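K.L.:
Okay, so here is upload.txt, and as you'll see once you scroll down, it has compact mmCIF, C-alpha atoms and all ligand atoms.
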# COMPACT_ATOMS: atom_id res chain seq x y z
CA MET A 1 -2.56 -74.33 3.90
CA LYS A 2 -2.37 -77.74 5.58
CA ARG A 3 -6.14 -77.94 5.72
CA SER A 4 -6.55 -77.28 2.01
CA LEU A 5 -4.01 -79.98 1.24
CA ILE A 6 -5.99 -82.49 3.29
CA ALA A 7 -9.20 -81.38 1.60
CA ALA A 8 -7.54 -81.89 -1.79
CA LEU A 9 -6.36 -85.37 -0.82
CA LEU A 10 -9.79 -86.32 0.43
CA GLY A 11 -11.31 -84.96 -2.75
CA ALA A 12 -8.96 -87.14 -4.78
CA ALA A 13 -9.90 -90.23 -2.77
CA PHE A 14 -13.60 -89.65 -3.33
CA ALA A 15 -13.19 -88.79 -6.98
CA ALA A 16 -11.82 -92.31 -7.57
CA GLY A 17 -15.33 -93.76 -7.27
CA PRO A 18 -18.03 -94.38 -4.71
CA ALA A 19 -16.50 -95.00 -1.30
CA LEU A 20 -17.91 -97.06 1.53
CA ALA A 21 -20.13 -95.17 3.94
CA ALA A 22 -18.64 -95.29 7.42
CA ASP A 23 -21.95 -96.45 8.91
CA ASN A 24 -22.11 -99.53 6.67
CA PRO A 25 -21.48 -102.50 9.03
CA GLY A 26 -20.09 -104.60 6.18
CA ALA A 27 -17.43 -101.97 5.53
CA GLY A 28 -15.74 -102.95 8.79
CA ILE A 29 -15.69 -106.62 7.73
CA LEU A 30 -14.14 -105.76 4.36
CA LYS A 31 -11.46 -103.63 5.96
CA ALA A 32 -10.60 -106.15 8.66
CA GLN A 33 -10.79 -109.39 6.68
CA CYS A 34 -10.65 -108.76 2.96
CA ILE A 35 -8.36 -105.91 1.89
CA SER A 36 -5.21 -107.94 2.46
CA CYS A 37 -6.12 -109.72 -0.79
CA HIS A 38 -8.74 -107.58 -2.56
CA ALA A 39 -8.75 -103.94 -3.74
CA ILE A 40 -11.96 -102.26 -2.59
CA ALA A 41 -10.95 -98.89 -4.04
CA LYS A 42 -9.53 -98.37 -7.52
CA PRO A 43 -5.73 -98.66 -7.21
CA ASP A 44 -3.78 -95.55 -8.22
CA SER A 45 -1.76 -97.43 -10.77
CA MET A 46 -3.21 -100.36 -12.66
CA THR A 47 0.10 -101.93 -13.66
CA LEU A 48 0.78 -105.36 -15.10
CA ASP A 49 2.92 -106.07 -12.08
CA ARG A 50 -0.02 -105.41 -9.77
CA LEU A 51 -2.20 -107.81 -11.77
CA TRP A 52 0.45 -110.54 -11.48
CA THR A 53 1.05 -110.11 -7.78
CA ARG A 54 -2.40 -109.34 -6.43
CA LYS A 55 -3.73 -112.02 -4.10
CA GLY A 56 -7.39 -111.82 -5.16
CA PRO A 57 -9.63 -110.32 -7.85
CA ASP A 58 -10.53 -106.63 -7.60
CA LEU A 59 -13.73 -105.84 -5.75
CA TYR A 60 -13.89 -102.05 -6.18
CA TYR A 61 -16.59 -102.44 -8.85
CA ALA A 62 -18.35 -105.40 -7.18
CA GLY A 63 -21.71 -103.59 -7.20
CA SER A 64 -21.62 -103.37 -11.01
CA LYS A 65 -20.50 -106.97 -11.36
CA PHE A 66 -22.21 -109.40 -9.00
CA ASN A 67 -25.74 -110.48 -8.20
CA LYS A 68 -26.22 -109.87 -4.51
CA ALA A 69 -27.98 -113.18 -3.80
CA TRP A 70 -24.98 -115.04 -5.22
CA LEU A 71 -22.55 -113.02 -3.08
CA VAL A 72 -24.48 -113.82 0.11
CA LYS A 73 -24.50 -117.51 -0.74
CA TRP A 74 -20.91 -117.75 -1.97
CA LEU A 75 -19.39 -115.89 0.97
CA GLN A 76 -20.86 -118.56 3.26
CA GLU A 77 -19.93 -121.50 1.02
CA PRO A 78 -17.15 -120.42 -1.34
CA VAL A 79 -16.42 -122.75 -4.25
CA ARG A 80 -13.68 -122.28 -6.82
CA ILE A 81 -14.41 -119.90 -9.70
CA ARG A 82 -10.96 -119.67 -11.26
CA PRO A 83 -9.73 -123.26 -11.66
CA THR A 84 -6.16 -121.98 -11.20
CA GLY A 85 -6.87 -119.40 -8.53
CA GLU A 86 -5.00 -116.11 -8.47
CA PHE A 87 -2.61 -115.81 -10.20
CA TYR A 88 -2.90 -118.40 -12.97
CA THR A 89 0.76 -119.22 -13.67
CA LYS A 90 1.46 -119.85 -9.99
CA HIS A 91 -0.97 -122.73 -9.84
CA VAL A 92 -0.24 -124.83 -12.90
CA LYS A 93 2.44 -127.46 -13.39
CA ALA A 94 3.67 -129.41 -16.38
CA GLY A 95 1.60 -132.50 -17.25
CA ASP A 96 2.07 -135.23 -19.86
CA LYS A 97 0.31 -133.42 -22.68
CA GLU A 98 -0.50 -130.00 -21.29
CA ASP A 99 -0.18 -127.96 -18.12
CA VAL A 100 -2.41 -129.17 -15.29
CA VAL A 101 -3.78 -127.42 -12.22
CA ASP A 102 -1.53 -127.82 -9.19
CA GLU A 103 -4.23 -128.30 -6.54
CA SER A 104 -1.67 -128.51 -3.73
CA THR A 105 -0.90 -124.79 -4.08
CA LEU A 106 -4.53 -123.65 -3.94
CA THR A 107 -6.01 -122.61 -0.62
CA ALA A 108 -9.65 -122.46 0.50
CA HIS A 109 -11.36 -119.05 0.64
CA VAL A 110 -12.35 -117.48 3.96
CA LYS A 111 -15.95 -118.35 4.96
CA LEU A 112 -18.37 -115.91 6.58
CA SER A 113 -21.39 -116.47 8.84
CA LYS A 114 -24.81 -115.67 7.35
CA ALA A 115 -25.02 -112.29 9.10
CA ASP A 116 -21.49 -111.30 8.09
CA ALA A 117 -22.04 -112.51 4.51
CA GLU A 118 -25.15 -110.34 4.26
CA ALA A 119 -23.36 -107.30 5.68
CA ALA A 120 -20.30 -107.81 3.46
CA ALA A 121 -22.52 -108.30 0.39
CA ASP A 122 -24.33 -105.02 1.17
CA ALA A 123 -20.99 -103.22 1.43
CA LEU A 124 -19.75 -104.81 -1.80
CA MET A 125 -22.93 -103.89 -3.71
CA ALA A 126 -22.29 -100.24 -2.75
CA LEU A 127 -18.95 -100.33 -4.62
CA THR A 128 -20.05 -99.64 -8.16
CA GLY A 129 -16.65 -98.52 -9.50
CA PRO A 130 -15.95 -95.72 -11.98
CA ASP A 131 -18.90 -94.37 -13.99
CA GLY A 132 -19.41 -96.02 -17.35
CA LEU A 133 -17.35 -99.14 -16.56
CA VAL A 134 -20.38 -101.28 -17.39
CA THR A 135 -22.90 -100.21 -20.03
CA LYS A 136 -26.33 -100.30 -18.39
CA GLY A 137 -29.06 -101.88 -20.52
CA ALA A 138 -26.53 -103.23 -23.05
CA PHE A 139 -27.82 -106.80 -22.97
CA LYS A 140 -31.22 -106.96 -24.65
CA GLY A 141 -32.35 -110.19 -23.01
CA ASP A 142 -33.22 -112.18 -26.14
CA LYS A 143 -33.17 -115.97 -25.86
CA VAL A 144 -30.40 -117.56 -27.91
CA SER A 145 -30.01 -121.00 -29.42
CA MET A 146 -27.73 -123.04 -27.14
CA SER A 147 -26.22 -124.99 -30.04
CA MET A 148 -25.37 -121.79 -31.93
CA GLY A 149 -24.05 -120.26 -28.70
CA ALA A 150 -21.87 -123.29 -28.05
CA MET A 151 -20.50 -123.21 -31.59
CA PHE A 152 -19.46 -119.56 -31.21
CA PHE A 153 -18.14 -120.04 -27.67
CA ASN A 154 -16.15 -123.20 -28.36
CA LYS A 155 -15.11 -122.93 -31.98
CA LEU A 156 -15.71 -119.66 -33.77
CA ARG A 157 -14.67 -117.20 -31.06
CA GLY A 158 -12.27 -119.40 -29.08
CA CYS A 159 -13.64 -118.60 -25.61
CA ALA A 160 -13.24 -122.22 -24.47
CA ALA A 161 -9.45 -121.91 -24.70
CA CYS A 162 -9.55 -120.05 -21.39
CA HIS A 163 -13.02 -120.63 -19.93
CA SER A 164 -15.13 -123.65 -19.11
CA ALA A 165 -18.79 -123.79 -20.06
CA LYS A 166 -19.17 -127.14 -18.27
CA PRO A 167 -17.51 -128.43 -15.11
CA GLY A 168 -14.27 -130.21 -16.00
CA SER A 169 -13.99 -129.07 -19.61
CA GLY A 170 -12.46 -126.08 -21.38
CA GLY A 171 -9.63 -123.75 -20.42
CA VAL A 172 -8.40 -122.99 -16.91
CA SER A 173 -6.77 -119.56 -17.18
CA GLY A 174 -10.09 -117.68 -16.91
CA PRO A 175 -13.03 -117.90 -14.49
CA GLU A 176 -15.54 -120.73 -15.08
CA LEU A 177 -18.61 -119.44 -16.85
CA TYR A 178 -21.18 -122.18 -16.13
CA THR A 179 -22.37 -120.33 -13.02
CA ALA A 180 -21.77 -116.85 -14.46
CA GLY A 181 -25.49 -116.19 -14.91
CA GLU A 182 -26.05 -116.70 -11.20
CA ARG A 183 -22.89 -114.83 -10.28
CA LEU A 184 -22.75 -111.88 -12.65
CA GLN A 185 -25.00 -109.09 -13.89
CA PRO A 186 -25.91 -109.50 -17.59
CA ASP A 187 -24.60 -106.03 -18.53
CA TYR A 188 -21.28 -106.82 -16.85
CA ILE A 189 -20.94 -110.02 -18.89
CA TYR A 190 -21.70 -108.06 -22.07
CA SER A 191 -19.30 -105.24 -21.18
CA TYR A 192 -16.50 -107.65 -20.26
CA ILE A 193 -16.75 -109.51 -23.56
CA LYS A 194 -16.92 -106.26 -25.51
CA ASP A 195 -13.85 -104.65 -23.98
CA PRO A 196 -12.01 -106.65 -21.27
CA GLN A 197 -9.22 -104.06 -20.98
CA LYS A 198 -11.69 -101.33 -20.11
CA ILE A 199 -12.39 -103.28 -16.92
CA ASP A 200 -8.87 -104.52 -16.31
CA PRO A 201 -6.21 -102.81 -18.50
CA HIS A 202 -3.72 -105.72 -18.46
CA ILE A 203 -6.01 -108.73 -18.42
CA TRP A 204 -4.97 -111.41 -20.90
CA MET A 205 -8.43 -111.88 -22.41
CA PRO A 206 -8.26 -110.60 -25.99
CA THR A 207 -10.47 -107.76 -27.25
CA LEU A 208 -12.06 -109.37 -30.25
CA ASN A 209 -14.00 -106.35 -31.57
CA LEU A 210 -17.08 -108.53 -31.80
CA ALA A 211 -20.15 -107.33 -33.70
CA GLU A 212 -23.29 -106.53 -31.72
CA PRO A 213 -25.16 -109.78 -32.60
CA ASP A 214 -22.10 -111.76 -31.42
CA LEU A 215 -22.00 -109.89 -28.11
CA GLN A 216 -25.72 -110.47 -27.53
CA ARG A 217 -25.42 -114.16 -28.49
CA LEU A 218 -22.43 -114.89 -26.25
CA THR A 219 -23.93 -113.01 -23.29
CA GLY A 220 -27.25 -114.86 -23.71
CA TYR A 221 -25.46 -118.19 -24.05
CA ILE A 222 -23.46 -117.64 -20.84
CA LEU A 223 -26.59 -116.61 -18.94
CA GLN A 224 -28.51 -119.65 -20.18
CA LEU A 225 -25.62 -122.00 -19.28
CA SER A 226 -26.23 -121.16 -15.68
CA ALA A 227 -29.95 -121.77 -15.97
CA SER A 228 -29.20 -125.26 -17.32
CA GLU A 229 -26.60 -125.72 -14.54
CA GLY A 230 -23.78 -126.15 -17.01
CA LYS A 231 -25.14 -129.48 -18.20
C1 LIG A 301 -5.95 -114.73 1.37
C2 LIG A 301 -6.53 -113.89 0.36
C3 LIG A 301 -8.02 -113.59 0.41
C4 LIG A 301 -8.76 -113.07 1.46
C5 LIG A 301 -8.29 -112.68 2.85
C6 LIG A 301 -10.11 -112.89 0.94
N1 LIG A 301 -10.18 -113.31 -0.37
FE1 LIG A 301 -11.79 -113.20 -1.56
N2 LIG A 301 -10.77 -114.17 -3.04
C7 LIG A 301 -9.45 -114.55 -2.97
C8 LIG A 301 -9.11 -115.29 -4.16
C9 LIG A 301 -7.75 -115.90 -4.50
C10 LIG A 301 -10.28 -115.34 -4.95
C11 LIG A 301 -10.48 -116.04 -6.29
C12 LIG A 301 -11.15 -117.37 -6.01
C13 LIG A 301 -11.56 -118.13 -7.24
O1 LIG A 301 -11.58 -117.56 -8.32
O2 LIG A 301 -11.89 -119.32 -7.11
C14 LIG A 301 -11.30 -114.61 -4.21
C15 LIG A 301 -12.59 -114.39 -4.69
C16 LIG A 301 -13.52 -113.59 -4.06
C17 LIG A 301 -14.78 -113.20 -4.65
C18 LIG A 301 -15.22 -113.52 -6.06
C19 LIG A 301 -14.54 -112.51 -6.94
C20 LIG A 301 -14.61 -112.72 -8.42
O3 LIG A 301 -14.26 -111.77 -9.14
O4 LIG A 301 -14.93 -113.80 -8.88
C21 LIG A 301 -15.42 -112.42 -3.72
C22 LIG A 301 -16.76 -111.75 -3.87
C23 LIG A 301 -14.57 -112.36 -2.56
N3 LIG A 301 -13.41 -113.07 -2.81
C24 LIG A 301 -14.87 -111.67 -1.40
C25 LIG A 301 -14.07 -111.68 -0.26
C26 LIG A 301 -14.47 -111.08 0.99
C27 LIG A 301 -15.79 -110.36 1.24
C28 LIG A 301 -13.43 -111.28 1.86
C29 LIG A 301 -13.34 -110.87 3.31
C30 LIG A 301 -14.37 -111.40 4.18
C31 LIG A 301 -12.39 -112.00 1.13
N4 LIG A 301 -12.81 -112.22 -0.14
C32 LIG A 301 -11.15 -112.36 1.67
C33 LIG A 301 -8.57 -114.27 -1.95
C34 LIG A 301 -8.94 -113.76 -0.72
C1 LIG A 302 -6.70 -115.89 -23.49
C2 LIG A 302 -7.69 -116.28 -22.52
C3 LIG A 302 -9.12 -115.80 -22.70
C4 LIG A 302 -9.95 -115.91 -23.81
C5 LIG A 302 -9.61 -116.48 -25.18
C6 LIG A 302 -11.24 -115.41 -23.40
N1 LIG A 302 -11.20 -115.01 -22.09
FE1 LIG A 302 -12.76 -114.26 -21.02
N2 LIG A 302 -11.52 -113.90 -19.45
C7 LIG A 302 -10.19 -114.25 -19.39
C8 LIG A 302 -9.64 -113.75 -18.14
C9 LIG A 302 -8.21 -113.93 -17.71
C10 LIG A 302 -10.70 -113.09 -17.46
C11 LIG A 302 -10.71 -112.36 -16.13
C12 LIG A 302 -10.03 -113.06 -15.04
C13 LIG A 302 -10.27 -112.55 -13.66
O1 LIG A 302 -11.11 -111.67 -13.41
O2 LIG A 302 -9.60 -113.10 -12.82
C14 LIG A 302 -11.86 -113.23 -18.30
C15 LIG A 302 -13.11 -112.77 -17.96
C16 LIG A 302 -14.27 -113.01 -18.67
C17 LIG A 302 -15.59 -112.69 -18.22
C18 LIG A 302 -15.93 -112.07 -16.86
C19 LIG A 302 -15.99 -113.22 -15.87
C20 LIG A 302 -15.83 -112.87 -14.44
O3 LIG A 302 -16.05 -113.77 -13.59
O4 LIG A 302 -15.50 -111.72 -14.12
C21 LIG A 302 -16.47 -113.09 -19.21
C22 LIG A 302 -17.98 -112.99 -19.18
C23 LIG A 302 -15.67 -113.64 -20.27
N3 LIG A 302 -14.33 -113.58 -19.90
C24 LIG A 302 -16.17 -114.17 -21.46
C25 LIG A 302 -15.38 -114.57 -22.53
C26 LIG A 302 -15.91 -114.89 -23.83
C27 LIG A 302 -17.37 -114.91 -24.21
C28 LIG A 302 -14.85 -115.19 -24.63
C29 LIG A 302 -14.84 -115.51 -26.12
C30 LIG A 302 -15.35 -114.45 -26.96
C31 LIG A 302 -13.65 -115.09 -23.79
N4 LIG A 302 -14.02 -114.69 -22.55
C32 LIG A 302 -12.35 -115.35 -24.23
C33 LIG A 302 -9.48 -114.94 -20.35
C34 LIG A 302 -9.93 -115.22 -21.63
Can I see the file as structure tokens?
Ligand code: HEC
Ligand code: HEC

P.N.:
Amino acid sequence: MKRSLIAALLGAAFAAGPALAADNPGAGILKAQCISCHAIAKPDSMTLDRLWTRKGPDLYYAGSKFNKAWLVKWLQEPVRIRPTGEFYTKHVKAGDKEDVVDESTLTAHVKLSKADAEAAADALMALTGPDGLVTKGAFKGDKVSMSMGAMFFNKLRGCAACHSAKPGSGGVSGPELYTAGERLQPDYIYSYIKDPQKIDPHIWMPTLNLAEPDLQRLTGYILQLSASEGK
């Protein structure tokens, strides 16, 4: 009786998505140094309250999101991705014309040695999250015109209200996107723009029901921004 209950509980834990193999050396690093701020397994309840109080972005689908080379580099030399950290409203203050980032409340991210960064990145890449979260092969890889891309990003689709396409410009309530091509997998970028709430049910990025050519154009633009180093 007891044994079957334990088996059922274990089954439930594994059904939530790929778990870390016990022999993965990076798994130990994640458990010891990272889970105080990051979820490495899908939380049972994805409430709004959890989103507002979590101390760092979710990492349980890191393997479907990041480029490994970026992870290895960033974990050794972390630089800010979200201009207002986590969570946004806690790190802005009133300015003359608009809210400004309150730098004094932002703290530096933990830094790892090269060996630990490599091990942690391996462990993170094994966390691919629930099936179907990201549509594989969705981005077709066509080159896009940067001026058309910028017009859609800044004006027509309003992305710049929350994101910056260039250091120091654009909105601060979402992650910067000028290094997104280095950081993120193309299909993740596409899937996020298509349906943000599928990835994070309470995230404040609007679902715009964009047409396919729009999704391809914006994904291509964001990827190319990185190649031109946000200039
Ligand atoms: C004190 C809380 C805290 C701890 C501990 C911590 N992080 Fe973070 N982490 C954050 C915050 C906050 C951010 C968002 C930083 C930003 O956007 O500039 C972040 C961002 C990240 C990102 C980028 C995520 C994304 O979606 O952009 C990765 C990867 C990451 N952390 C990995 C780790 C690893 C691996 C460890 C353990 C070695 C760790 N973190 C420990 C708070 C933490
Ligand atoms: C109202 C604010 C808002 C608007 C408008 C908005 N976003 Fe977002 N976006 C967000 C937030 C918030 C996140 C996720 C934050 C997090 O993970 O911490 C996000 C995440 C993303 C991501 C994933 C980035 C990452 O590092 O995980 C991409 C790509 C993206 N947005 C592109 C766009 C594009 C393209 C548009 C315009 C069509 C747009 N966004 C409009 C707020 C916004």

K.L.:
Would you kindly identify which residues have an atom no farther than 12 Å from (-11.0, -117.9, -26.9), using all atoms listed in the file and the file's own coordinates, and write them out as an MDAnalysis selection string?

P.N.:
chainID A and resid 151:165 170:174 193 204:208 218

K.L.:
Provide the atom C34 of ligand LIG 301 (chain A) to CA of Asp122 in chain A distance in Å, to one decimal place.

P.N.:
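Those two atoms sit 17.8 Å apart.
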
K.L.:
Return the single residue from A:Pro43, A:Asp58, A:Gly28, A:Trp52 that is closest to ligand LIG 301 (chain A), with distances computed using all atoms listed in the file.

P.N.:
A:Asp58

K.L.:
Once 4 Å is added on each side, what centre and edge lengths in Å to one decimal does the axis-aligned box around all listed atoms of ligand LIG 301 (chain A) have, as lines of an AutoDock Vina configuration file?

P.N.:
center_x = -11.4
center_y = -114.8
center_z = -2.5
size_x = 18.8
size_y = 17.0
size_z = 21.3

K.L.:
Counting all atoms listed in the file, what residues are within 8 Å of ligand LIG 301 (chain A), given as an mmCIF file with C-alpha atoms, keeping the file's coordinate frame?

P.N.:
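Below you can see result.cif, which holds the result:
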data_model
loop_
_atom_site.group_PDB
_atom_site.id
_atom_site.type_symbol
_atom_site.label_atom_id
_atom_site.label_comp_id
_atom_site.auth_asym_id
_atom_site.auth_seq_id
_atom_site.Cartn_x
_atom_site.Cartn_y
_atom_site.Cartn_z
ATOM 1 C CA ILE A 29 -15.690 -106.620 7.730
ATOM 2 C CA LEU A 30 -14.140 -105.760 4.360
ATOM 3 C CA LYS A 31 -11.460 -103.630 5.960
ATOM 4 C CA ALA A 32 -10.600 -106.150 8.660
ATOM 5 C CA GLN A 33 -10.790 -109.390 6.680
ATOM 6 C CA CYS A 34 -10.650 -108.760 2.960
ATOM 7 C CA ILE A 35 -8.360 -105.910 1.890
ATOM 8 C CA SER A 36 -5.210 -107.940 2.460
ATOM 9 C CA CYS A 37 -6.120 -109.720 -0.790
ATOM 10 C CA HIS A 38 -8.740 -107.580 -2.560
ATOM 11 C CA LYS A 55 -3.730 -112.020 -4.100
ATOM 12 C CA GLY A 56 -7.390 -111.820 -5.160
ATOM 13 C CA PRO A 57 -9.630 -110.320 -7.850
ATOM 14 C CA ASP A 58 -10.530 -106.630 -7.600
ATOM 15 C CA LEU A 59 -13.730 -105.840 -5.750
ATOM 16 C CA ALA A 62 -18.350 -105.400 -7.180
ATOM 17 C CA PHE A 66 -22.210 -109.400 -9.000
ATOM 18 C CA LEU A 71 -22.550 -113.020 -3.080
ATOM 19 C CA TRP A 74 -20.910 -117.750 -1.970
ATOM 20 C CA LEU A 75 -19.390 -115.890 0.970
ATOM 21 C CA PRO A 78 -17.150 -120.420 -1.340
ATOM 22 C CA VAL A 79 -16.420 -122.750 -4.250
ATOM 23 C CA ARG A 80 -13.680 -122.280 -6.820
ATOM 24 C CA ILE A 81 -14.410 -119.900 -9.700
ATOM 25 C CA ARG A 82 -10.960 -119.670 -11.260
ATOM 26 C CA PRO A 83 -9.730 -123.260 -11.660
ATOM 27 C CA THR A 84 -6.160 -121.980 -11.200
ATOM 28 C CA GLY A 85 -6.870 -119.400 -8.530
ATOM 29 C CA GLU A 86 -5.000 -116.110 -8.470
ATOM 30 C CA PHE A 87 -2.610 -115.810 -10.200
ATOM 31 C CA THR A 107 -6.010 -122.610 -0.620
ATOM 32 C CA HIS A 109 -11.360 -119.050 0.640
ATOM 33 C CA VAL A 110 -12.350 -117.480 3.960
ATOM 34 C CA LYS A 111 -15.950 -118.350 4.960
ATOM 35 C CA LEU A 112 -18.370 -115.910 6.580
ATOM 36 C CA ALA A 117 -22.040 -112.510 4.510
ATOM 37 C CA ALA A 120 -20.300 -107.810 3.460
ATOM 38 C CA ALA A 121 -22.520 -108.300 0.390
ATOM 39 C CA LEU A 124 -19.750 -104.810 -1.800
ATOM 40 C CA PRO A 175 -13.030 -117.900 -14.490
#

K.L.:
Quick one: distance from atom C16 of ligand LIG 302 (chain A) to CA of Pro186 in chain A in Å, one decimal?

P.N.:
12.2 Å

K.L.:
So, with all atoms listed in the file as the atoms that count, which of A:Ala115, A:Val101, A:Leu177, A:Val144 lies closest to Asp214 in chain A?

P.N.:
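Smallest distance to Asp214 in chain A is found for A:Val144.
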
K.L.:
Considering all atoms listed in the file, can you say which of A:Lys93, A:Arg183, A:Lys68, A:Lys143 comes closest to ligand LIG 302 (chain A)?

P.N.:
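Closest to ligand LIG 302 (chain A), using all atoms listed in the file: A:Arg183.
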
K.L.:
Pick from A:Pro196, A:Pro201, A:Gly132, A:Gly137: nearest to ligand LIG 302 (chain A), with only C-alpha atoms and all ligand atoms counted?

P.N.:
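Of the candidates, the smallest distance to ligand LIG 302 (chain A) is held by A:Pro196.
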
K.L.:
Please measure the separation of CA of Gly26 in chain A and atom O4 of ligand LIG 302 (chain A), giving the value in Å to one decimal.

P.N.:
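It comes out at 22.0 Å.
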
K.L.:
Kindly indicate which residue among A:Thr128, A:Ser169, A:Ser64, A:Thr105 lies nearest to ligand LIG 302 (chain A), using all atoms listed in the file for the distances.

P.N.:
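Counting all atoms listed in the file, the residue closest to ligand LIG 302 (chain A) is A:Ser64.
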
K.L.:
I'd like to know which of A:Gly181, A:Leu210, A:Gln197, A:Asp187 is closest to Ala227 in chain A, using only C-alpha atoms.

P.N.:
A:Gly181

K.L.:
Excluding Lys198 in chain A and any residue of its chain fewer than 4 positions from it, enumerate the residues within 10 Å of it, using only C-alpha atoms, and give them as an mmCIF file with C-alpha atoms, keeping the file's coordinate frame.

P.N.:
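Dumped to part-v4.cif:
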data_model
loop_
_atom_site.group_PDB
_atom_site.id
_atom_site.type_symbol
_atom_site.label_atom_id
_atom_site.label_comp_id
_atom_site.auth_asym_id
_atom_site.auth_seq_id
_atom_site.Cartn_x
_atom_site.Cartn_y
_atom_site.Cartn_z
ATOM 1 C CA GLY A 132 -19.410 -96.020 -17.350
ATOM 2 C CA LEU A 133 -17.350 -99.140 -16.560
ATOM 3 C CA VAL A 134 -20.380 -101.280 -17.390
ATOM 4 C CA SER A 191 -19.300 -105.240 -21.180
ATOM 5 C CA TYR A 192 -16.500 -107.650 -20.260
ATOM 6 C CA LYS A 194 -16.920 -106.260 -25.510
ATOM 7 C CA HIS A 202 -3.720 -105.720 -18.460
ATOM 8 C CA ILE A 203 -6.010 -108.730 -18.420
ATOM 9 C CA THR A 207 -10.470 -107.760 -27.250
#

K.L.:
Show me, as a PyMOL selection string, the residues that have an atom within 8 Å of Met146 in chain A when counting only C-alpha atoms, minus same-chain residues fewer than 2 positions from it.

P.N.:
chain A and resi 144+148-150+221+224
